[in-house]
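Structure first, commentary second.
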Amino acid sequence: MKVVCAWCERLGNVVVLPDNEPQGDEPQGDAISHGICDEHVLVVLAEARRAMPDARGVVRRPS
């Protein structure tokens with residue numbers, strides 16, 4: 001299974017994310033799932049911080 005960044009794909013780039021934990025029950029072949037790359041995580045967090053300036057913080061959990 002390929003995991004690609006949904007944001008990159010929307011921009012016309014296909015960024016295959018590293019496989020963190022292969023599962024025995026995952027579909028094989030050309031199956032695609034979507035995630036988010038490190039670059040776009042930073043973009044989303046920056047947007048969230050601008051949208052909620054009074055929030056205590058947005059914490060990113062390591063993937």
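All residue names refer to the structure tokens as shown: chains lettered A, B, ... in order, residues numbered from 1 in each chain, ligands numbered from 1 in order.
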Discussion item. Report as a list in words all protein, DNA and RNA residues lying within 12 Å of region 29-40 of chain A, evaluated on only C-alpha atoms, omitting residues in the same chain fewer than 6 positions from it.
Written reply: Met1, Lys2, Val3, Val4, Cys5, Ala6, Trp7, Cys8, Glu9, Arg10, Leu11, Asn13, Val14, Val15, Val16, Leu17, Pro18, Asp19, Asn20, Ala46, Glu47, Arg60, Arg61, Pro62 and Ser63 of chain A
